[in-house]
Every structure is written in C-alpha cells, then in structure tokens.
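Trainee: File follows, my_file.txt with compact mmCIF, C-alpha atoms:
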# COMPACT_ATOMS: atom_id res chain seq x y z
CA MET A 1311 21.30 49.09 47.34
CA THR A 1312 22.60 50.15 50.73
CA LEU A 1313 22.60 46.57 52.00
CA LEU A 1314 24.39 45.42 48.86
CA ILE A 1315 27.10 48.05 49.25
CA GLN A 1316 27.54 47.27 52.94
CA ALA A 1317 27.70 43.53 52.26
CA ARG A 1318 30.37 44.08 49.62
CA GLU A 1319 32.36 45.96 52.26
CA ASN A 1320 32.34 42.76 54.37
CA ASP A 1321 29.54 43.85 56.69
CA LYS A 1322 28.36 40.46 57.97
CA ASN A 1323 25.06 41.84 59.26
CA ALA A 1324 24.23 43.29 55.84
CA MET A 1325 25.04 40.00 54.12
CA GLU A 1326 22.89 38.13 56.61
CA SER A 1327 20.02 40.57 55.99
CA ILE A 1328 20.23 39.89 52.25
CA ILE A 1329 20.15 36.14 52.83
CA VAL A 1330 17.22 36.48 55.22
CA LYS A 1331 15.26 38.40 52.57
CA PHE A 1332 15.52 35.36 50.27
CA ASN A 1333 14.58 32.82 52.97
CA PRO A 1334 10.78 32.70 52.35
CA LYS A 1335 11.25 31.84 48.67
CA LEU A 1336 14.12 29.51 49.50
CA GLN A 1337 12.11 27.59 52.11
CA LYS A 1338 9.16 27.27 49.74
CA SER A 1339 11.41 25.91 47.00
CA LEU A 1340 13.22 23.51 49.33
CA TYR A 1341 9.95 21.76 50.18
CA GLN A 1342 10.00 20.46 46.61
CA THR A 1343 13.15 18.44 47.41
CA THR A 1344 13.81 15.45 49.60
CA GLN A 1345 14.47 15.98 53.29
CA GLN A 1346 18.04 14.66 52.94
CA ASP A 1347 18.93 17.23 50.28
CA ARG A 1348 17.44 20.33 51.91
CA ASN A 1349 20.33 21.33 54.18
CA ASP A 1350 22.93 20.84 51.46
CA LEU A 1351 20.86 22.78 48.93
CA LYS A 1352 20.22 25.58 51.42
CA GLN A 1353 23.96 25.97 52.05
CA GLU A 1354 24.70 25.91 48.32
CA ILE A 1355 22.09 28.59 47.64
CA HIS A 1356 23.44 30.76 50.44
CA LEU A 1357 26.89 30.52 48.82
CA LYS A 1358 25.39 31.46 45.44
CA ILE A 1359 23.70 34.51 47.00
CA ILE A 1360 27.02 35.60 48.52
CA GLU A 1361 28.78 35.12 45.17
CA ALA A 1362 26.06 37.11 43.41
CA VAL A 1363 26.48 40.01 45.86
CA TYR A 1364 30.15 40.29 44.97
CA LYS A 1365 29.62 39.80 41.22
CA TYR A 1366 26.68 42.22 40.88
CA ASP A 1367 27.69 45.23 38.81
CA LEU A 1368 26.36 48.30 40.60
CA GLU A 1369 27.17 50.51 37.62
CA THR A 1370 24.63 48.80 35.35
CA VAL A 1371 21.65 49.35 37.64
CA PRO A 1372 19.36 51.86 35.92
CA GLY A 1373 18.05 54.88 37.77
CA LEU A 1374 14.31 55.31 38.22
CA TRP A 1375 13.82 57.47 35.12
CA GLU A 1376 15.99 55.22 32.96
CA PHE A 1377 13.95 52.24 34.11
CA ILE A 1378 10.65 53.98 33.36
CA HIS A 1379 11.79 55.00 29.87
CA THR A 1380 13.08 51.51 29.13
CA LYS A 1381 9.77 50.04 30.27
CA GLU A 1382 7.82 52.51 28.12
CA ASP A 1383 9.97 51.62 25.10
CA GLU A 1384 9.36 47.90 25.67
CA ASP A 1385 5.61 48.47 25.99
CA MET A 1386 5.55 50.41 22.72
CA LEU A 1387 7.34 47.57 20.92
CA LEU A 1388 4.82 45.05 22.20
CA GLN A 1389 1.75 46.99 21.06
CA PRO A 1390 0.19 45.78 17.81
CA ASN A 1391 0.29 48.23 14.90
Before anything else, please render the file you have as structure tokens.
Mentor:
Amino acid sequence: MTLLIQARENDKNAMESIIVKFNPKLQKSLYQTTQQDRNDLKQEIHLKIIEAVYKYDLETVPGLWEFIHTKEDEDMLLQPN
C-alpha cells in the first residue's frame, strides 16, 4: 500500500518498483508472443499498470479482519448442506 500511495503522489521510484514487481510474470507471458510484438506489448502493459495505480480505489481495500470474515462467509456458502 505504501508504494501505491507514493506512486500516486508522483514518486517515480515507487512507480518503477511497482512495475518491477510485475516483471517476472510479464516476461513469462511475453514469451508466448512473437519477438516483434514483445517490446510494444511490454510498453502497453507498463502503461496499463500506471493507469491502474491511479484508478485503484484505496477506500475499497478491506482490512485484515474484514478480509478474513469475507473469506469465512464465502467458505460457508460453498460447503454442502
């Protein structure tokens, strides 16, 4: 959350750190494309990550206990009667 807040405040290092965190998955996915498309796709995905940082609603992120209770409720619904 700290990185997200810092990135939204135009901290370039924080934004870069967020992008770097996605790089392993991004690189793995890019190998499924042609060599010619990889650089363009990588740039597009970086732009989408940056857009997502600014669009992400920090107010809707549940706290730990809210998350646990939501998960417990979901598990109860999935159990057969």
Trainee: Tell me which protein, DNA and RNA residues are within 7 Å of range 1363-1372 of chain A, counting only C-alpha atoms, leaving out same-chain ones fewer than 3 positions away, and put them as a PyMOL selection string.
Mentor: chain A and resi 1314+1318+1359-1360+1376-1377
Trainee: Pull the neighbourhood of (16.6, 28.6, 56.0) for me: all residues within 12 Å in file coordinates, counting all atoms listed in the file, as a short mmCIF file (atom, residue, chain, number, x, y, z; two decimals) with C-alpha atoms, in the coordinates of the input.
Mentor:
data_model
loop_
_atom_site.label_atom_id
_atom_site.label_comp_id
_atom_site.auth_asym_id
_atom_site.auth_seq_id
_atom_site.Cartn_x
_atom_site.Cartn_y
_atom_site.Cartn_z
CA GLU A 1326 22.89 38.13 56.61
CA ILE A 1329 20.15 36.14 52.83
CA VAL A 1330 17.22 36.48 55.22
CA LYS A 1331 15.26 38.40 52.57
CA PHE A 1332 15.52 35.36 50.27
CA ASN A 1333 14.58 32.82 52.97
CA PRO A 1334 10.78 32.70 52.35
CA LYS A 1335 11.25 31.84 48.67
CA LEU A 1336 14.12 29.51 49.50
CA GLN A 1337 12.11 27.59 52.11
CA LYS A 1338 9.16 27.27 49.74
CA SER A 1339 11.41 25.91 47.00
CA LEU A 1340 13.22 23.51 49.33
CA TYR A 1341 9.95 21.76 50.18
CA ARG A 1348 17.44 20.33 51.91
CA ASN A 1349 20.33 21.33 54.18
CA ASP A 1350 22.93 20.84 51.46
CA LEU A 1351 20.86 22.78 48.93
CA LYS A 1352 20.22 25.58 51.42
CA GLN A 1353 23.96 25.97 52.05
CA GLU A 1354 24.70 25.91 48.32
CA ILE A 1355 22.09 28.59 47.64
CA HIS A 1356 23.44 30.76 50.44
#
Trainee: Axis-aligned box over every listed atom of range 1353-1361 of chain A, padded by 6 Å per side: centre and edges in Å to one decimal, as lines of an AutoDock Vina configuration file?
Mentor:
center_x = 25.4
center_y = 30.8
center_z = 48.6
size_x = 18.7
size_y = 21.7
size_z = 18.9
Trainee: Work out how far CA of Trp1375 in chain A is from CA of Met1325 in chain A, in Å to one decimal.
Mentor: 28.1 Å
Trainee: Rounded to one decimal in Å, what is the spacing between CA of Thr1312 in chain A and CA of Leu1357 in chain A?
Mentor: 20.2 Å
Trainee: Any idea what the distance is between CA of Thr1343 in chain A and CA of Lys1358 in chain A?
Mentor: 18.0 Å
